[in-house]
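Below is the file query_6.tsv, which contains TSV, C-alpha atoms and all ligand atoms.
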```tsv
chain	number	residue	atom	x	y	z
L	612	MET	CA	-39.38	37.02	30.73
L	613	SER	CA	-39.23	33.68	32.51
L	614	HIS	CA	-39.86	33.57	36.23
L	615	ILE	CA	-38.01	30.27	36.50
L	616	MET	CA	-34.63	30.67	38.22
L	617	ASN	CA	-31.72	30.48	35.85
L	618	THR	CA	-30.18	27.09	36.66
L	619	TYR	CA	-30.43	25.28	33.30
L	620	ALA	CA	-29.28	26.14	29.79
L	621	ARG	CA	-32.55	24.86	28.39
L	622	GLN	CA	-33.03	23.48	24.91
L	623	PRO	CA	-35.42	25.41	22.67
L	624	ILE	CA	-38.30	22.94	22.86
L	625	SER	CA	-41.06	22.28	25.37
L	626	LEU	CA	-42.57	18.83	25.62
L	627	THR	CA	-46.27	18.35	26.11
L	628	HIS	CA	-46.93	14.60	26.14
L	629	GLY	CA	-45.45	11.22	25.46
L	630	ASP	CA	-46.30	7.66	24.64
L	631	GLY	CA	-43.96	4.71	25.06
L	632	ALA	CA	-40.54	5.73	23.75
L	633	TRP	CA	-41.83	8.89	22.03
L	634	VAL	CA	-42.48	12.45	23.20
L	635	TRP	CA	-44.09	15.42	21.41
L	636	ASP	CA	-43.37	19.13	21.67
L	637	THR	CA	-45.65	22.18	21.60
L	638	GLU	CA	-45.16	22.41	17.82
L	639	GLY	CA	-46.41	18.85	17.35
L	640	ARG	CA	-42.96	17.49	16.49
L	641	ARG	CA	-42.18	13.95	17.62
L	642	TYR	CA	-38.90	12.79	19.24
L	643	LEU	CA	-37.51	9.35	20.03
L	644	ASP	CA	-36.58	9.47	23.71
L	645	GLY	CA	-32.96	8.37	24.05
L	646	LEU	CA	-32.58	9.93	27.50
L	647	SER	CA	-35.65	9.11	29.66
L	648	GLY	CA	-35.40	12.43	31.50
L	649	ILE	CA	-31.88	11.30	32.52
L	650	ALA	CA	-32.53	7.65	33.41
L	651	VAL	CA	-35.87	8.33	35.09
L	652	ASN	CA	-38.69	7.14	32.81
L	653	THR	CA	-37.98	3.42	33.15
L	654	LEU	CA	-41.36	2.47	31.69
L	655	GLY	CA	-41.31	5.21	29.07
L	656	HIS	CA	-44.27	7.57	28.86
L	657	ASN	CA	-47.95	6.96	29.49
L	658	HIS	CA	-47.42	3.32	30.45
L	659	PRO	CA	-50.92	1.88	30.88
L	660	LYS	CA	-50.10	-0.08	34.04
L	661	LEU	CA	-48.34	2.84	35.72
L	662	VAL	CA	-51.10	5.26	34.74
L	663	ALA	CA	-53.79	2.93	36.09
L	664	ALA	CA	-51.91	2.30	39.35
L	665	LEU	CA	-51.30	5.99	39.98
L	666	GLN	CA	-54.88	6.95	39.11
L	667	ASP	CA	-56.10	4.35	41.56
L	668	GLN	CA	-53.66	5.48	44.26
L	669	VAL	CA	-54.58	9.15	43.89
L	670	THR	CA	-58.15	8.33	44.83
L	671	LYS	CA	-56.99	6.40	47.92
L	672	LEU	CA	-54.07	8.18	49.61
L	673	ILE	CA	-51.35	10.49	48.31
L	674	HIS	CA	-49.62	11.45	51.54
L	675	THR	CA	-49.92	10.63	55.19
L	676	SER	CA	-46.68	10.92	57.16
L	677	ASN	CA	-43.91	8.71	58.42
L	678	ILE	CA	-45.43	9.07	61.87
L	679	TYR	CA	-47.92	6.41	60.70
L	680	GLY	CA	-47.34	3.00	59.13
L	681	ILE	CA	-47.28	2.94	55.31
L	682	PRO	CA	-48.05	-0.57	54.01
L	683	LEU	CA	-47.02	0.27	50.43
L	684	GLY	CA	-43.64	1.37	51.76
L	685	GLU	CA	-43.29	-1.92	53.64
L	686	GLN	CA	-44.03	-3.76	50.40
L	687	LEU	CA	-41.59	-1.75	48.29
L	688	ALA	CA	-38.85	-2.08	50.91
L	689	THR	CA	-39.41	-5.85	51.04
L	690	ARG	CA	-39.22	-6.08	47.27
L	691	LEU	CA	-36.02	-3.99	47.06
L	692	CYS	CA	-34.41	-6.18	49.73
L	693	GLU	CA	-35.41	-9.37	47.91
L	694	LEU	CA	-33.94	-8.07	44.66
L	695	SER	CA	-30.73	-6.77	46.22
L	696	GLY	CA	-30.01	-9.17	49.08
L	697	MET	CA	-30.04	-6.22	51.47
L	698	GLU	CA	-31.97	-5.77	54.74
L	699	ASN	CA	-33.77	-2.46	55.09
L	700	VAL	CA	-34.60	0.79	53.33
L	701	PHE	CA	-35.00	4.49	54.10
L	702	PHE	CA	-37.21	6.23	51.53
L	703	CYS	CA	-36.68	9.83	50.45
L	704	ASN	CA	-37.40	11.90	47.33
L	705	SER	CA	-34.28	12.21	45.20
L	706	GLY	CA	-30.79	10.96	44.50
L	707	LEU	CA	-29.00	13.57	46.55
L	708	GLU	CA	-31.23	12.83	49.52
L	709	ALA	CA	-30.41	9.13	49.27
L	710	ASN	CA	-26.72	10.03	49.13
L	711	GLU	CA	-27.02	12.42	52.08
L	712	ALA	CA	-28.51	9.56	54.09
L	713	ALA	CA	-25.63	7.30	53.02
L	714	ILE	CA	-23.07	9.92	54.08
L	715	LYS	CA	-24.82	10.32	57.44
L	716	ILE	CA	-24.78	6.53	57.92
L	717	ALA	CA	-21.03	6.43	57.19
L	718	ARG	CA	-20.33	9.24	59.63
L	719	LYS	CA	-22.48	7.86	62.43
L	720	TYR	CA	-21.02	4.41	61.87
L	721	GLY	CA	-17.62	6.02	62.46
L	722	HIS	CA	-18.74	7.89	65.57
L	723	ASP	CA	-20.28	4.69	66.95
L	724	LYS	CA	-16.81	3.10	66.59
L	725	GLY	CA	-15.16	6.04	68.38
L	726	ILE	CA	-13.82	7.81	65.27
L	727	ASP	CA	-14.70	11.46	65.81
L	728	GLN	CA	-13.67	12.79	62.36
L	729	PRO	CA	-14.83	10.02	60.03
L	730	GLN	CA	-13.57	10.22	56.43
L	731	ILE	CA	-15.20	8.79	53.31
L	732	ILE	CA	-13.27	7.78	50.20
L	733	VAL	CA	-14.78	9.33	47.05
L	734	TYR	CA	-13.72	9.42	43.40
L	735	GLU	CA	-12.42	11.60	40.65
L	736	LYS	CA	-15.21	12.30	38.10
L	737	ALA	CA	-17.87	11.14	40.58
L	738	PHE	CA	-21.29	12.78	40.72
L	739	HIS	CA	-23.45	12.43	43.81
L	740	GLY	CA	-25.76	15.46	43.71
L	741	ARG	CA	-25.94	19.17	44.44
L	742	SER	CA	-26.54	19.54	48.17
L	743	LEU	CA	-23.53	20.80	50.10
L	744	ALA	CA	-22.42	17.35	51.26
L	745	THR	CA	-23.09	15.62	47.95
L	746	LEU	CA	-21.44	18.33	45.84
L	747	SER	CA	-18.45	18.05	48.15
L	748	ALA	CA	-18.35	14.30	47.43
L	749	THR	CA	-18.66	15.02	43.70
L	750	GLY	CA	-15.43	15.01	41.71
L	751	ASN	CA	-16.17	17.90	39.35
L	752	VAL	CA	-14.88	21.34	40.42
L	753	LYS	CA	-17.50	23.04	38.20
L	754	VAL	CA	-20.20	21.64	40.49
L	755	GLN	CA	-18.37	22.93	43.58
L	756	LYS	CA	-17.20	26.33	42.40
L	757	GLY	CA	-18.85	29.24	44.21
L	758	PHE	CA	-20.21	27.08	47.02
L	759	GLU	CA	-17.13	26.81	49.20
L	760	PRO	CA	-16.47	26.10	52.01
L	761	LEU	CA	-16.98	22.48	51.01
L	762	VAL	CA	-18.11	19.90	53.53
L	763	PRO	CA	-14.97	18.19	54.90
L	764	GLY	CA	-14.46	14.49	55.45
L	765	PHE	CA	-13.87	13.25	51.91
L	766	VAL	CA	-10.65	11.68	50.59
L	767	ARG	CA	-10.49	11.51	46.78
L	768	VAL	CA	-8.92	8.74	44.70
L	769	PRO	CA	-8.91	7.77	41.00
L	770	LEU	CA	-11.32	5.04	39.86
L	771	ASN	CA	-10.13	1.48	39.24
L	772	ASP	CA	-6.81	2.00	41.05
L	773	ILE	CA	-6.65	-0.26	44.08
L	774	ALA	CA	-3.11	0.85	44.99
L	775	ALA	CA	-4.38	4.44	45.36
L	776	ILE	CA	-7.01	3.40	47.85
L	777	GLU	CA	-4.57	1.27	49.83
L	778	ALA	CA	-2.26	4.27	50.03
L	779	ALA	CA	-5.15	6.46	51.23
L	780	ALA	CA	-5.96	3.85	53.88
L	781	GLU	CA	-2.40	3.83	55.19
L	782	ALA	CA	-2.34	7.62	55.32
L	783	ASN	CA	-5.70	7.99	57.04
L	784	PRO	CA	-6.87	5.88	59.98
L	785	SER	CA	-10.24	7.68	60.16
L	786	ILE	CA	-11.72	6.26	56.95
L	787	THR	CA	-15.07	4.59	57.54
L	788	ALA	CA	-16.51	4.09	54.06
L	789	VAL	CA	-15.87	3.93	50.31
L	790	PHE	CA	-18.51	5.69	48.21
L	791	LEU	CA	-18.70	5.20	44.44
L	792	GLU	CA	-21.00	4.77	41.46
L	793	ALA	CA	-20.87	1.29	39.93
L	794	ILE	CA	-20.87	3.13	36.59
L	795	GLN	CA	-20.16	6.85	36.77
L	796	GLY	CA	-22.96	8.62	34.91
L	797	GLU	CA	-22.39	12.38	34.74
L	798	GLY	CA	-18.63	11.76	34.74
L	799	GLY	CA	-18.84	10.14	31.30
L	800	ILE	CA	-20.18	6.55	31.65
L	801	ASN	CA	-17.06	5.22	33.37
L	802	PRO	CA	-17.57	1.71	34.76
L	803	ALA	CA	-15.89	0.53	37.93
L	804	ARG	CA	-14.26	-2.69	36.75
L	805	VAL	CA	-15.66	-5.95	38.11
L	806	GLU	CA	-12.27	-6.91	39.63
L	807	TYR	CA	-12.04	-3.46	41.20
L	808	LEU	CA	-15.45	-3.79	42.87
L	809	GLN	CA	-14.47	-7.24	44.12
L	810	ALA	CA	-11.20	-5.89	45.49
L	811	LEU	CA	-13.08	-3.05	47.20
L	812	ARG	CA	-15.46	-5.52	48.83
L	813	LYS	CA	-12.49	-7.42	50.22
L	814	LEU	CA	-10.72	-4.27	51.41
L	815	CYS	CA	-13.88	-2.98	53.11
L	816	ASP	CA	-14.32	-6.33	54.90
L	817	GLU	CA	-10.70	-6.35	56.06
L	818	ARG	CA	-10.76	-2.76	57.29
L	819	GLY	CA	-14.30	-2.59	58.65
L	820	TRP	CA	-15.33	0.08	56.11
L	821	LEU	CA	-18.78	0.41	54.59
L	822	LEU	CA	-18.97	-0.16	50.83
L	823	MET	CA	-21.53	2.38	49.61
L	824	ILE	CA	-22.51	2.03	45.94
L	825	ASP	CA	-24.45	4.91	44.40
L	826	GLU	CA	-26.87	3.20	42.00
L	827	VAL	CA	-28.98	6.32	41.48
L	828	GLN	CA	-28.33	6.33	37.73
L	829	CYS	CA	-27.06	2.82	36.91
L	830	GLY	CA	-29.52	0.88	39.11
L	831	ILE	CA	-33.10	-0.33	38.49
L	832	GLY	CA	-32.42	-2.68	35.60
L	833	ARG	CA	-30.69	-0.25	33.31
L	834	THR	CA	-27.52	-2.31	32.84
L	835	GLY	CA	-29.32	-5.63	32.38
L	836	LYS	CA	-29.29	-6.61	36.07
L	837	TRP	CA	-31.41	-5.07	38.81
L	838	PHE	CA	-28.35	-3.28	40.15
L	839	ALA	CA	-25.11	-2.65	38.28
L	840	HIS	CA	-22.83	-3.92	41.08
L	841	GLN	CA	-24.48	-7.35	40.69
L	842	TRP	CA	-22.30	-7.86	37.60
L	843	ALA	CA	-19.41	-8.15	40.08
L	844	GLY	CA	-21.26	-10.68	42.26
L	845	ILE	CA	-20.78	-8.59	45.41
L	846	LEU	CA	-23.08	-6.96	47.96
L	847	PRO	CA	-22.65	-3.35	49.08
L	848	ASP	CA	-23.37	-2.28	52.66
L	849	VAL	CA	-25.29	0.80	51.55
L	850	MET	CA	-26.97	1.44	48.18
L	851	PRO	CA	-28.61	4.78	47.32
L	852	LEU	CA	-31.27	4.61	44.60
L	853	ALA	CA	-33.52	7.17	42.94
L	854	LYS	CA	-33.94	8.16	39.27
L	855	GLY	CA	-35.52	5.10	37.60
L	856	LEU	CA	-37.24	3.68	40.69
L	857	GLY	CA	-40.50	5.58	40.26
L	858	SER	CA	-40.61	5.83	36.45
L	859	GLY	CA	-41.04	9.60	36.80
L	860	LEU	CA	-42.45	10.10	40.27
L	861	PRO	CA	-39.92	11.66	42.64
L	862	ILE	CA	-38.51	8.92	44.84
L	863	GLY	CA	-35.23	8.04	46.47
L	864	ALA	CA	-34.16	5.16	48.66
L	865	VAL	CA	-31.13	4.15	50.64
L	866	VAL	CA	-30.91	0.39	51.00
L	867	ALA	CA	-28.68	-1.02	53.74
L	868	ARG	CA	-27.38	-4.27	55.15
L	869	GLY	CA	-25.61	-5.59	58.25
L	870	VAL	CA	-24.21	-3.03	60.63
L	871	ALA	CA	-25.13	-0.19	58.23
L	872	ALA	CA	-28.80	-1.20	58.46
L	873	LYS	CA	-28.71	-0.59	62.23
L	874	VAL	CA	-26.90	2.74	62.40
L	875	PHE	CA	-29.97	4.99	62.50
L	876	SER	CA	-32.44	5.03	65.32
L	877	PRO	CA	-35.46	7.33	65.81
L	878	GLY	CA	-34.38	10.95	65.77
L	879	ASN	CA	-31.30	10.43	63.59
L	880	HIS	CA	-32.91	10.98	60.21
L	881	GLY	CA	-36.25	11.84	58.68
L	882	THR	CA	-38.27	13.26	55.82
L	883	THR	CA	-41.70	14.77	55.32
L	884	PHE	CA	-42.52	13.56	51.82
L	885	GLY	CA	-40.27	10.49	51.64
L	886	GLY	CA	-42.05	7.15	51.44
L	887	ASN	CA	-45.44	8.64	50.61
L	888	PRO	CA	-48.03	6.18	49.28
L	889	LEU	CA	-48.12	7.66	45.76
L	890	ALA	CA	-44.36	7.36	45.27
L	891	MET	CA	-44.37	3.88	46.82
L	892	ARG	CA	-47.07	2.77	44.40
L	893	ALA	CA	-45.00	4.12	41.50
L	894	GLY	CA	-41.96	2.18	42.72
L	895	LEU	CA	-43.89	-1.05	43.23
L	896	THR	CA	-45.53	-0.79	39.82
L	897	THR	CA	-42.22	-0.03	38.11
L	898	LEU	CA	-40.55	-3.10	39.61
L	899	GLN	CA	-43.59	-5.26	38.86
L	900	VAL	CA	-43.75	-4.30	35.17
L	901	MET	CA	-39.98	-4.69	34.84
L	902	GLU	CA	-40.27	-8.23	36.08
L	903	GLU	CA	-43.41	-9.17	34.09
L	904	ASP	CA	-41.95	-7.86	30.85
L	905	ASP	CA	-38.36	-8.93	31.60
L	906	LEU	CA	-37.09	-5.43	30.96
L	907	MET	CA	-33.60	-6.28	32.23
L	908	ALA	CA	-33.06	-8.78	29.44
L	909	ASN	CA	-34.61	-6.26	27.09
L	910	ALA	CA	-32.18	-3.55	28.24
L	911	ALA	CA	-29.23	-5.86	27.61
L	912	HIS	CA	-30.55	-6.85	24.16
L	913	CYS	CA	-31.45	-3.34	22.98
L	914	GLY	CA	-28.21	-1.92	24.35
L	915	GLN	CA	-26.27	-4.45	22.32
L	916	ILE	CA	-28.17	-3.47	19.16
L	917	ILE	CA	-27.27	0.18	19.74
L	918	VAL	CA	-23.59	-0.47	20.46
L	919	ASP	CA	-23.18	-2.91	17.56
L	920	GLY	CA	-25.07	-0.60	15.23
L	921	ILE	CA	-23.01	2.48	16.08
L	922	ARG	CA	-19.78	0.47	15.78
L	923	SER	CA	-20.60	-0.99	12.40
L	924	HIS	CA	-22.01	2.24	10.92
L	925	LEU	CA	-18.92	4.16	11.99
L	926	ALA	CA	-16.21	1.53	11.59
L	927	ASP	CA	-14.55	3.54	8.80
L	928	VAL	CA	-14.64	6.91	10.63
L	929	SER	CA	-11.88	8.06	12.95
L	930	GLY	CA	-12.66	10.17	16.00
L	931	ILE	CA	-14.53	7.69	18.19
L	932	ALA	CA	-12.34	7.28	21.26
L	933	GLU	CA	-14.36	4.58	23.02
L	934	ILE	CA	-17.85	3.16	23.40
L	935	ARG	CA	-18.57	2.23	27.02
L	936	GLY	CA	-21.34	1.12	29.30
L	937	GLN	CA	-23.72	-1.74	29.80
L	938	GLY	CA	-27.30	-2.39	28.69
L	939	LEU	CA	-29.14	0.87	28.14
L	940	MET	CA	-26.48	3.01	29.81
L	941	ILE	CA	-24.18	3.87	26.94
L	942	GLY	CA	-21.42	6.43	26.46
L	943	ILE	CA	-19.87	7.14	23.08
L	944	GLU	CA	-16.70	9.13	23.71
L	945	LEU	CA	-15.39	11.21	20.82
L	946	ASP	CA	-11.89	12.61	20.53
L	947	ARG	CA	-13.25	16.20	20.65
L	948	PRO	CA	-15.91	18.22	22.48
L	949	CYS	CA	-19.34	17.56	20.99
L	950	PRO	CA	-22.13	19.36	22.92
L	951	GLU	CA	-23.59	20.59	19.60
L	952	LEU	CA	-24.65	17.01	18.79
L	953	VAL	CA	-27.53	17.37	21.25
L	954	GLY	CA	-29.11	20.03	19.02
L	955	ARG	CA	-28.35	18.18	15.80
L	956	ALA	CA	-29.97	15.00	17.15
L	957	ARG	CA	-32.97	16.95	18.41
L	958	GLU	CA	-33.48	18.52	15.00
L	959	ALA	CA	-33.42	15.00	13.57
L	960	GLY	CA	-36.05	13.84	16.09
L	961	LEU	CA	-33.90	12.19	18.77
L	962	LEU	CA	-33.30	13.24	22.40
L	963	ILE	CA	-29.80	12.52	23.69
L	964	ASN	CA	-27.30	14.14	26.05
L	965	VAL	CA	-23.61	14.94	26.02
L	966	THR	CA	-21.75	14.70	29.32
L	967	ALA	CA	-18.14	15.31	30.32
L	968	ASP	CA	-17.91	17.44	27.14
L	969	LYS	CA	-16.97	14.60	24.78
L	970	VAL	CA	-19.28	11.74	25.71
L	971	ILE	CA	-22.60	11.17	23.96
L	972	ARG	CA	-24.82	9.67	26.65
L	973	LEU	CA	-27.71	7.37	25.84
L	974	LEU	CA	-30.20	6.36	28.56
L	975	PRO	CA	-33.36	5.23	26.75
L	976	PRO	CA	-36.41	3.92	28.61
L	977	LEU	CA	-36.22	0.19	29.38
L	978	ILE	CA	-39.39	-0.38	27.30
L	979	PHE	CA	-37.31	0.35	24.17
L	980	THR	CA	-37.88	-2.29	21.49
L	981	PRO	CA	-35.23	-3.58	19.07
L	982	GLU	CA	-36.97	-1.41	16.45
L	983	HIS	CA	-36.52	1.69	18.61
L	984	ALA	CA	-32.87	0.76	19.12
L	985	GLN	CA	-32.39	0.45	15.36
L	986	GLN	CA	-34.18	3.78	14.78
L	987	LEU	CA	-31.89	5.43	17.30
L	988	VAL	CA	-28.83	4.07	15.47
L	989	ASP	CA	-30.23	5.14	12.10
L	990	ILE	CA	-30.68	8.73	13.32
L	991	LEU	CA	-27.56	9.06	15.45
L	992	ALA	CA	-24.88	7.32	13.37
L	993	PRO	CA	-25.10	9.71	10.38
L	994	ILE	CA	-25.05	12.68	12.77
L	995	ILE	CA	-21.84	11.44	14.41
L	996	ARG	CA	-20.36	10.69	10.98
L	997	GLY	CA	-21.21	14.16	9.69
L	998	PHE	CA	-19.74	15.76	12.80
L	999	LEU	CA	-16.50	13.79	12.75
L	1000	THR	CA	-15.90	14.26	9.03
L	1001	GLN	CA	-16.79	17.98	8.77
L	1002	PRO	CA	-13.66	20.02	7.95
L	1003	GLN	CA	-13.83	22.53	10.82
L	1004	ALA	CA	-14.35	19.82	13.48
L	1005	ALA	CA	-11.47	17.80	12.03
L	1006	ALA	CA	-9.26	20.86	12.29
L	1007	ALA	CA	-10.26	21.61	15.88
L	1101	LIG	C1	-28.54	12.15	39.27
L	1101	LIG	C2	-27.61	11.56	40.25
L	1101	LIG	C3	-27.62	11.96	41.59
L	1101	LIG	C4	-28.48	13.09	42.08
L	1101	LIG	O1	-29.84	12.79	41.99
L	1101	LIG	P1	-30.92	13.97	42.17
L	1101	LIG	O2	-32.22	13.22	42.16
L	1101	LIG	O3	-30.76	14.88	41.01
L	1101	LIG	O4	-30.63	14.63	43.45
L	1101	LIG	C5	-26.79	11.30	42.47
L	1101	LIG	N1	-25.98	10.31	42.06
L	1101	LIG	C6	-25.94	9.90	40.78
L	1101	LIG	C7	-25.05	8.77	40.39
L	1101	LIG	C8	-26.75	10.51	39.84
L	1101	LIG	O5	-26.68	10.13	38.56
```
As structure tokens - that is how I would like this structure written.
Amino acid sequence: MSHIMNTYARQPISLTHGDGAWVWDTEGRRYLDGLSGIAVNTLGHNHPKLVAALQDQVTKLIHTSNIYGIPLGEQLATRLCELSGMENVFFCNSGLEANEAAIKIARKYGHDKGIDQPQIIVYEKAFHGRSLATLSATGNVKVQKGFEPLVPGFVRVPLNDIAAIEAAAEANPSITAVFLEAIQGEGGINPARVEYLQALRKLCDERGWLLMIDEVQCGIGRTGKWFAHQWAGILPDVMPLAKGLGSGLPIGAVVARGVAAKVFSPGNHGTTFGGNPLAMRAGLTTLQVMEEDDLMANAAHCGQIIVDGIRSHLADVSGIAEIRGQGLMIGIELDRPCPELVGRAREAGLLINVTADKVIRLLPPLIFTPEHAQQLVDILAPIIRGFLTQPQAAAA
């Protein structure tokens, strides 16, 4: 009997080690990693530079406390601000913590303006985490069910519909922020359109709202730019980060600018583990290797190989509703539920995920090579073909 609490329907394998884009299980079987632990292992597994940096850091300092200065945190914050055009950073340990900090900033920003019940616009199909505030901001009732009462203060709108948000604004004078993923991850790889993000930026400027872009999954080079909103040529006011930033070490960050960067003062927010030297070293090394090896361009190139390969292999098969995403954040939506493809791919030596029931989600490490991308296509395309052409699935 397992003594692990029952929160995951786990797959029937256990992984023991990895190297580059490959991982091995306890039976010695090898898998191509098309998921990166859900967009976390930016540099793949056992990256020599990350391993060396962490080994070195472990011998120096793992943890001190935020009651002392942390030079590595200063360096990582500086680097994140250079890359994003933002001004300052609060470090924490996960995506939901970064989002909690963002929500607190939006609320305090409202209170500082004299709005005593500040409201935040959030989205259908959004995912922001599993704490009470972030599950309340999430747009999936399955995530919320059983945990009511939800945290109030969220107004929900559909994505990519500027009229809906203007209507919400007219109806609600207490809105202080708009909070969205540049590309929804768990919700099915649904991109906010470039024109929509630009319109939001304008609306937020006009109304004095904070534009808060959750880049926890789509950030850190995955889409071919450092941050996915950069495709729209805009700046957010608040940007939560996590997943890929530490290449596997737990880390979160909320990056802010302008008035949002000045909302917190001592006593307003804090963390015990956040910003510890080991996590900071992981973040700095991740960004450094990404830059040295131009992993953004690589993500764009390899992503294109995957999308083109899947399209051409399956051009004659019906049942593919849409292929979406950017760089190495790819969703292949089928016209029917397909969770069983995760097991079929695993048996064929490929780790993938299915989200929103019908969307095959690919989030490979950014160290993928064109050969890995081709291997992924060569394994996955026949599996999708077999699934879409099998009689029982066609009848369903
Ligand atoms: C995964 C995810 C989160 C939650 O991150 P955790 O580290 O699991 O708390 C929040 N927002 C988005 C967009 C995510 O993909």
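Taking CA of Arg833 (chain L) and CA of Ile673 (chain L) as the two end points, the separation is 27.7 Å.
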Find the nearest atom pair between each residue of region 917-971 of chain L and region 775-796 of chain L for residues within 10 Å, count all atoms listed in the file, give distances in Å to one decimal, sort rows by chain and ascending number, and present the table as a Markdown table.
```
| residue | atom | partner | partner_atom | distance |
| --- | --- | --- | --- | --- |
| L:Arg935 | CA | L:Ile794 | CA | 9.9 |
| L:Gly936 | CA | L:Ile794 | CA | 7.6 |
| L:Gln937 | CA | L:Ile794 | CA | 8.8 |
| L:Met940 | CA | L:Gly796 | CA | 8.4 |
| L:Ile941 | CA | L:Gly796 | CA | 9.4 |
| L:Gly942 | CA | L:Gly796 | CA | 8.9 |
| L:Thr966 | CA | L:Gly796 | CA | 8.3 |
| L:Ala967 | CA | L:Gly796 | CA | 9.4 |
```
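With only C-alpha atoms and all ligand atoms as the atoms that count, the residue of L:Lys756, L:Lys969, L:His739, L:Lys873 with the shortest distance to ligand LIG 1101 (chain L) is L:His739.
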*Select, from L:Ile731, L:Cys815, L:Cys949, L:Leu974, the residue with the minimum atom-to-atom distance to ligand LIG 1101 (chain L), counting only C-alpha atoms and all ligand atoms.*
L:Leu974
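With distances taken over only C-alpha atoms and all ligand atoms, L:Arg741 is the one residue among L:Arg892, L:Lys671, L:Arg741, L:Arg812 lying closest to ligand LIG 1101 (chain L).
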Using all atoms listed in the file, I'd like a table of the residues in chain L that come within 6 Å of ligand LIG 1101 (chain L); for each, show the closest atom pair and its distance in Å rounded to one decimal, ordered by chain and ascending number, as a tab-separated table.
```
residue	atom	partner	partner_atom	distance
L:Ser705	CA	L:LIG1101	O2	3.8
L:Gly706	CA	L:LIG1101	O1	3.2
L:Leu707	CA	L:LIG1101	O4	3.7
L:Phe738	CA	L:LIG1101	N1	5.5
L:His739	CA	L:LIG1101	N1	3.7
L:Gly740	CA	L:LIG1101	C4	4.0
L:Glu792	CA	L:LIG1101	C7	5.8
L:Gly796	CA	L:LIG1101	O5	5.4
L:Asp825	CA	L:LIG1101	C7	5.6
L:Val827	CA	L:LIG1101	C6	4.7
L:Gln828	CA	L:LIG1101	O5	4.2
```
*Rounded to one decimal place, report the CA of Asn710 (chain L)-CA of Pro851 (chain L) distance in Å.*
5.9 Å
*Enter the distance from CA of Ile995 (chain L) to CA of Ile971 (chain L), in Å, rounded to one decimal.*
9.6 Å
*Within 9 Å of Gly631 (chain L), counting all atoms listed in the file, which residues show up once you throw out same-chain ones fewer than 4 positions away? Write them as a list in words, please.*
Asp644, Leu654, Gly655, His656, Asn657, His658, Pro976, Ile978 and Phe979 of chain L
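Shortest separation to Val928 (chain L) among L:Ala650, L:Leu999, L:Ile831, L:Ala843 occurs at residue L:Leu999, atoms counted being all atoms listed in the file.
Comparing the minimum interatomic distances between Ser876 (chain L) and each of L:Trp633, L:Tyr679, L:Phe998, L:Phe701, counting only C-alpha atoms, we find that L:Phe701 sits nearest.
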*Residue among L:Asn879, L:Asp636, L:Val669, L:Gly684 lying closest to Cys703 (chain L), counting all atoms listed in the file*: L:Gly684
Asp968 (chain L): which residues within 10 Å, counting all atoms listed in the file, same-chain residues fewer than 5 positions away excluded, as a PDB file with C-alpha atoms, keeping the file's coordinate frame?
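That gives us selection.pdb:
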```pdb
ATOM      1  CA  GLY L 798     -18.630  11.760  34.740  1.00  0.00           C
ATOM      2  CA  GLY L 799     -18.840  10.140  31.300  1.00  0.00           C
ATOM      3  CA  GLU L 944     -16.700   9.130  23.710  1.00  0.00           C
ATOM      4  CA  LEU L 945     -15.390  11.210  20.820  1.00  0.00           C
ATOM      5  CA  ARG L 947     -13.250  16.200  20.650  1.00  0.00           C
ATOM      6  CA  PRO L 948     -15.910  18.220  22.480  1.00  0.00           C
ATOM      7  CA  CYS L 949     -19.340  17.560  20.990  1.00  0.00           C
ATOM      8  CA  PRO L 950     -22.130  19.360  22.920  1.00  0.00           C
ATOM      9  CA  GLU L 951     -23.590  20.590  19.600  1.00  0.00           C
TER      10      GLU L 951
END
```
